[in-house]
Amino acid sequence: AYTNTNKLHYQRTALALLGSTVWMAPRSVLCIGLGTGSFQKAVRTLWPMSEQLIVEIDPLVVQVAKEFFGFKPDVFDDVLVDDGRTVIKRYSNTYDLIFVDAFDTSGPARTLQTVEAARLLREHLTPEEHGEWSTPPSRGGSYPGKVRPAGVAMMNVWGPNTDKLYPQVERAWVETFAEFESVIVHPDPRVCDNRIFVGRGVPKALKDADVEKP
């Protein structure tokens, strides 16, 4: 069962990852799955000017987050009641940060854990950019160099002790992203068996294939 203790460990890990993986303040953020709104509130606290699209399939979840967990969207937040997979197939917008935390009463949203879904997420990430950046980094000090890193995708999943399909889900991300990390939320899976995937960039083999196309 997914208890409050599970949620606490997951939230702490997710928030720590924001500081270590997002090197510059994201201009745009896509969140698929609202939950209690803790991740979205953290994004707003860290980066007050970031535009945030929040997609949640269940209107009751949105209502509960607002009434009982202090989730208060502001002018930079757009809350859309829709299916996350449908949204990323429908729109072509790109984002500096994508976070997927989509579960239902039976477990993970499988439609967002396929190879095709991983590729769709990658296609919606902003590419690496070169130029002079006035946007301050997420942490103090000046950003080294004149390259804005490519966008990063993160996804909350059940670990291998809980989900028998975990190897396939992980393989989908390994094959899709140039950089991939599976972060263990808690060292004891009996306490919390969640993991957070972090992915960034296009694998070199796919880049070479694009170059070779006539």
# chains A, B, ... in the order shown; residues from 1 in each chain; ligands from 1
>>> residues_around(residues="Gly107 in chain A", least_positions_apart="4", cutoff="9 Å", atoms="only C-alpha atoms", output="ChimeraX atom specification")
/A:102-103,158
>>> residues_around(residues="Gln52 in chain A", least_positions_apart="4", cutoff="12 Å", atoms="only C-alpha atoms", output="PyMOL selection string")
chain A and resi 26-32+34+39-44+47-48+73-80+94-99
>>> closest_residue(among="A:Leu120, A:Ala150, A:Ala178, A:Ile196", to="Tyr166 in chain A", atoms="only C-alpha atoms")
A:Ile196
>>> closest_residue(among="A:Gly37, A:Gly70, A:Pro187, A:Gly199", to="Glu170 in chain A", atoms="only C-alpha atoms")
A:Gly199
>>> atom_distance(atom1="CA of Tyr91 in chain A", atom2="CA of Val198 in chain A")
22.2 Å
>>> closest_residue(among="A:Arg85, A:Ala25, A:Gly35, A:Gly159", to="Val64 in chain A", atoms="only C-alpha atoms")
A:Gly35
>>> select_by_dssp(residues="range 1-197 of chain A", states="strand (DSSP E)", output="PyMOL selection string")
chain A and resi 28-32+51-56+77-81+97-100+103-104+107-108+129-130+147-148+152-158+179-184+194-197
>>> residues_around(residues="Val183 in chain A", least_positions_apart="5", cutoff="9 Å", atoms="only C-alpha atoms", output="PyMOL selection string")
chain A and resi 13+17+194-198
>>> write_last_selection(atoms="C-alpha atoms", output="short mmCIF file (atom, residue, chain, number, x, y, z; two decimals), in the first residue's frame")
data_model
loop_
_atom_site.label_atom_id
_atom_site.label_comp_id
_atom_site.auth_asym_id
_atom_site.auth_seq_id
_atom_site.Cartn_x
_atom_site.Cartn_y
_atom_site.Cartn_z
CA THR A 13 13.82 12.71 -2.50
CA LEU A 17 16.62 16.07 -6.85
CA ASN A 194 9.54 4.03 -4.95
CA ARG A 195 12.21 5.24 -7.35
CA ILE A 196 12.52 8.46 -9.27
CA PHE A 197 13.76 8.29 -12.85
CA VAL A 198 15.80 11.20 -14.18
#
>>> residues_around(residues="Arg190 in chain A", least_positions_apart="2", cutoff="10 Å", atoms="only C-alpha atoms", output="short mmCIF file (atom, residue, chain, number, x, y, z; two decimals) with N, CA and C atoms, in the first residue's frame")
data_model
loop_
_atom_site.label_atom_id
_atom_site.label_comp_id
_atom_site.auth_asym_id
_atom_site.auth_seq_id
_atom_site.Cartn_x
_atom_site.Cartn_y
_atom_site.Cartn_z
N ASN A 6 5.37 6.44 2.83
CA ASN A 6 5.90 6.35 1.47
C ASN A 6 5.95 7.73 0.84
N ASN A 161 10.74 -4.38 -6.29
CA ASN A 161 10.16 -5.26 -5.27
C ASN A 161 8.64 -5.17 -5.23
N THR A 162 8.11 -4.12 -5.83
CA THR A 162 6.66 -3.90 -5.83
C THR A 162 6.05 -4.12 -7.21
N HIS A 186 14.28 5.13 -0.79
CA HIS A 186 14.64 4.69 0.57
C HIS A 186 15.45 3.40 0.45
N PRO A 187 16.52 3.25 1.26
CA PRO A 187 17.37 2.06 1.14
C PRO A 187 16.65 0.76 1.48
N ASP A 188 15.58 0.85 2.25
CA ASP A 188 14.83 -0.35 2.62
C ASP A 188 13.51 -0.37 1.83
N CYS A 192 9.80 1.95 1.75
CA CYS A 192 9.32 2.66 0.57
C CYS A 192 10.05 2.13 -0.65
N ASP A 193 9.33 1.57 -1.60
CA ASP A 193 9.96 0.96 -2.78
C ASP A 193 9.82 1.84 -4.02
#
>>> atom_distance(atom1="CA of Leu53 in chain A", atom2="CA of Val115 in chain A")
22.9 Å
>>> atom_distance(atom1="CA of Val147 in chain A", atom2="CA of Glu128 in chain A")
7.0 Å
>>> select_by_dssp(residues="range 72-169 of chain A", states="helix (DSSP H, G or I)", output="list in words")
Gly84, Arg85, Thr86, Val87, Ile88, Lys89, Arg90, Arg110, Thr111, Leu112, Val115, Glu116, Ala117, Ala118, Arg119, Leu120, Leu121, Arg122, Glu123, Tyr166, Pro167, Gln168 and Val169 of chain A
>>> residues_around(residues="Val202 in chain A", least_positions_apart="4", cutoff="10 Å", atoms="only C-alpha atoms", output="ChimeraX atom specification")
/A:119,122-123,127,150,175-179,206-207
>>> decode(residues="range 161-177 of chain A", atoms="all heavy atoms", output="mmCIF file, in the first residue's frame")
data_model
loop_
_atom_site.group_PDB
_atom_site.id
_atom_site.type_symbol
_atom_site.label_atom_id
_atom_site.label_comp_id
_atom_site.auth_asym_id
_atom_site.auth_seq_id
_atom_site.Cartn_x
_atom_site.Cartn_y
_atom_site.Cartn_z
ATOM 1 N N ASN A 161 10.741 -4.380 -6.286
ATOM 2 C CA ASN A 161 10.161 -5.260 -5.272
ATOM 3 C C ASN A 161 8.637 -5.172 -5.229
ATOM 4 O O ASN A 161 7.976 -6.033 -4.654
ATOM 5 C CB ASN A 161 10.732 -4.911 -3.889
ATOM 6 C CG ASN A 161 12.196 -5.248 -3.776
ATOM 7 O OD1 ASN A 161 12.571 -6.394 -3.620
ATOM 8 N ND2 ASN A 161 13.048 -4.231 -3.890
ATOM 9 N N THR A 162 8.109 -4.121 -5.830
ATOM 10 C CA THR A 162 6.663 -3.904 -5.834
ATOM 11 C C THR A 162 6.053 -4.123 -7.206
ATOM 12 O O THR A 162 4.954 -4.664 -7.334
ATOM 13 C CB THR A 162 6.335 -2.474 -5.352
ATOM 14 O OG1 THR A 162 6.884 -2.275 -4.057
ATOM 15 C CG2 THR A 162 4.838 -2.224 -5.321
ATOM 16 N N ASP A 163 6.778 -3.714 -8.242
ATOM 17 C CA ASP A 163 6.232 -3.743 -9.599
ATOM 18 C C ASP A 163 6.987 -4.763 -10.453
ATOM 19 O O ASP A 163 8.168 -4.583 -10.750
ATOM 20 C CB ASP A 163 6.359 -2.344 -10.221
ATOM 21 C CG ASP A 163 5.683 -2.231 -11.579
ATOM 22 O OD1 ASP A 163 5.115 -3.236 -12.048
ATOM 23 O OD2 ASP A 163 5.726 -1.133 -12.160
ATOM 24 N N LYS A 164 6.295 -5.809 -10.873
ATOM 25 C CA LYS A 164 6.936 -6.847 -11.684
ATOM 26 C C LYS A 164 7.319 -6.340 -13.076
ATOM 27 O O LYS A 164 8.155 -6.950 -13.757
ATOM 28 C CB LYS A 164 6.034 -8.064 -11.809
ATOM 29 C CG LYS A 164 4.731 -7.806 -12.550
ATOM 30 C CD LYS A 164 3.865 -9.057 -12.612
ATOM 31 C CE LYS A 164 2.574 -8.805 -13.376
ATOM 32 N NZ LYS A 164 1.720 -10.027 -13.427
ATOM 33 N N LEU A 165 6.742 -5.221 -13.489
ATOM 34 C CA LEU A 165 7.063 -4.653 -14.799
ATOM 35 C C LEU A 165 8.185 -3.601 -14.723
ATOM 36 O O LEU A 165 8.509 -2.979 -15.726
ATOM 37 C CB LEU A 165 5.819 -4.017 -15.424
ATOM 38 C CG LEU A 165 4.669 -4.975 -15.761
ATOM 39 C CD1 LEU A 165 3.514 -4.204 -16.386
ATOM 40 C CD2 LEU A 165 5.135 -6.080 -16.696
ATOM 41 N N TYR A 166 8.764 -3.443 -13.530
ATOM 42 C CA TYR A 166 9.812 -2.421 -13.374
ATOM 43 C C TYR A 166 10.941 -2.550 -14.399
ATOM 44 O O TYR A 166 11.363 -1.543 -14.973
ATOM 45 C CB TYR A 166 10.389 -2.449 -11.957
ATOM 46 C CG TYR A 166 11.547 -1.488 -11.796
ATOM 47 C CD1 TYR A 166 11.320 -0.152 -11.482
ATOM 48 C CD2 TYR A 166 12.866 -1.910 -11.998
ATOM 49 C CE1 TYR A 166 12.374 0.743 -11.357
ATOM 50 C CE2 TYR A 166 13.917 -1.023 -11.878
ATOM 51 C CZ TYR A 166 13.675 0.297 -11.562
ATOM 52 O OH TYR A 166 14.715 1.177 -11.460
ATOM 53 N N PRO A 167 11.483 -3.748 -14.685
ATOM 54 C CA PRO A 167 12.586 -3.836 -15.659
ATOM 55 C C PRO A 167 12.226 -3.259 -17.032
ATOM 56 O O PRO A 167 13.045 -2.598 -17.667
ATOM 57 C CB PRO A 167 12.854 -5.348 -15.750
ATOM 58 C CG PRO A 167 12.400 -5.885 -14.433
ATOM 59 C CD PRO A 167 11.187 -5.069 -14.086
ATOM 60 N N GLN A 168 10.990 -3.505 -17.489
ATOM 61 C CA GLN A 168 10.578 -2.966 -18.783
ATOM 62 C C GLN A 168 10.443 -1.447 -18.743
ATOM 63 O O GLN A 168 10.805 -0.753 -19.688
ATOM 64 C CB GLN A 168 9.241 -3.580 -19.218
ATOM 65 C CG GLN A 168 9.320 -5.061 -19.554
ATOM 66 C CD GLN A 168 8.974 -5.950 -18.369
ATOM 67 O OE1 GLN A 168 9.516 -5.764 -17.276
ATOM 68 N NE2 GLN A 168 8.091 -6.911 -18.594
ATOM 69 N N VAL A 169 9.920 -0.936 -17.627
ATOM 70 C CA VAL A 169 9.747 0.514 -17.481
ATOM 71 C C VAL A 169 11.114 1.202 -17.472
ATOM 72 O O VAL A 169 11.328 2.223 -18.131
ATOM 73 C CB VAL A 169 8.962 0.847 -16.192
ATOM 74 C CG1 VAL A 169 8.831 2.354 -16.015
ATOM 75 C CG2 VAL A 169 7.579 0.196 -16.223
ATOM 76 N N GLU A 170 12.057 0.619 -16.720
ATOM 77 C CA GLU A 170 13.396 1.194 -16.673
ATOM 78 C C GLU A 170 14.070 1.116 -18.037
ATOM 79 O O GLU A 170 14.710 2.085 -18.479
ATOM 80 C CB GLU A 170 14.247 0.468 -15.632
ATOM 81 C CG GLU A 170 15.655 1.067 -15.507
ATOM 82 C CD GLU A 170 16.498 0.313 -14.501
ATOM 83 O OE1 GLU A 170 16.808 -0.864 -14.770
ATOM 84 O OE2 GLU A 170 16.852 0.901 -13.466
ATOM 85 N N ARG A 171 13.926 -0.004 -18.732
ATOM 86 C CA ARG A 171 14.562 -0.164 -20.037
ATOM 87 C C ARG A 171 14.059 0.886 -21.029
ATOM 88 O O ARG A 171 14.822 1.394 -21.844
ATOM 89 C CB ARG A 171 14.297 -1.565 -20.581
ATOM 90 C CG ARG A 171 15.104 -1.881 -21.853
ATOM 91 C CD ARG A 171 14.823 -3.279 -22.372
ATOM 92 N NE ARG A 171 14.980 -4.275 -21.323
ATOM 93 C CZ ARG A 171 13.990 -5.034 -20.869
ATOM 94 N NH1 ARG A 171 12.776 -4.931 -21.392
ATOM 95 N NH2 ARG A 171 14.210 -5.916 -19.912
ATOM 96 N N ALA A 172 12.779 1.225 -20.945
ATOM 97 C CA ALA A 172 12.219 2.237 -21.838
ATOM 98 C C ALA A 172 12.952 3.567 -21.684
ATOM 99 O O ALA A 172 13.253 4.251 -22.671
ATOM 100 C CB ALA A 172 10.725 2.417 -21.574
ATOM 101 N N TRP A 173 13.272 3.944 -20.444
ATOM 102 C CA TRP A 173 13.980 5.205 -20.207
ATOM 103 C C TRP A 173 15.460 5.093 -20.548
ATOM 104 O O TRP A 173 16.048 6.034 -21.080
ATOM 105 C CB TRP A 173 13.782 5.641 -18.754
ATOM 106 C CG TRP A 173 12.508 6.402 -18.558
ATOM 107 C CD1 TRP A 173 11.250 5.979 -18.872
ATOM 108 C CD2 TRP A 173 12.371 7.715 -18.027
ATOM 109 N NE1 TRP A 173 10.332 6.944 -18.558
ATOM 110 C CE2 TRP A 173 10.984 8.019 -18.031
ATOM 111 C CE3 TRP A 173 13.265 8.650 -17.522
ATOM 112 C CZ2 TRP A 173 10.489 9.250 -17.573
ATOM 113 C CZ3 TRP A 173 12.768 9.866 -17.057
ATOM 114 C CH2 TRP A 173 11.401 10.160 -17.086
ATOM 115 N N VAL A 174 16.064 3.954 -20.248
ATOM 116 C CA VAL A 174 17.483 3.753 -20.572
ATOM 117 C C VAL A 174 17.719 3.910 -22.075
ATOM 118 O O VAL A 174 18.701 4.530 -22.518
ATOM 119 C CB VAL A 174 17.960 2.367 -20.107
ATOM 120 C CG1 VAL A 174 19.334 2.034 -20.673
ATOM 121 C CG2 VAL A 174 17.995 2.303 -18.582
ATOM 122 N N GLU A 175 16.810 3.358 -22.871
ATOM 123 C CA GLU A 175 16.962 3.409 -24.326
ATOM 124 C C GLU A 175 16.559 4.750 -24.923
ATOM 125 O O GLU A 175 16.929 5.054 -26.062
ATOM 126 C CB GLU A 175 16.115 2.294 -24.962
ATOM 127 C CG GLU A 175 16.587 0.889 -24.601
ATOM 128 C CD GLU A 175 15.666 -0.187 -25.141
ATOM 129 O OE1 GLU A 175 14.601 0.171 -25.715
ATOM 130 O OE2 GLU A 175 15.999 -1.380 -24.995
ATOM 131 N N THR A 176 15.835 5.559 -24.151
ATOM 132 C CA THR A 176 15.285 6.809 -24.681
ATOM 133 C C THR A 176 16.170 8.018 -24.414
ATOM 134 O O THR A 176 16.266 8.919 -25.248
ATOM 135 C CB THR A 176 13.883 7.057 -24.089
ATOM 136 O OG1 THR A 176 13.016 5.982 -24.472
ATOM 137 C CG2 THR A 176 13.300 8.374 -24.592
ATOM 138 N N PHE A 177 16.836 8.024 -23.257
ATOM 139 C CA PHE A 177 17.587 9.211 -22.852
ATOM 140 C C PHE A 177 19.099 8.954 -22.883
ATOM 141 O O PHE A 177 19.559 7.853 -22.585
ATOM 142 C CB PHE A 177 17.177 9.652 -21.443
ATOM 143 C CG PHE A 177 15.755 10.135 -21.346
ATOM 144 C CD1 PHE A 177 14.747 9.280 -20.921
ATOM 145 C CD2 PHE A 177 15.420 11.432 -21.689
ATOM 146 C CE1 PHE A 177 13.427 9.704 -20.840
ATOM 147 C CE2 PHE A 177 14.107 11.886 -21.613
ATOM 148 C CZ PHE A 177 13.109 11.022 -21.195
#
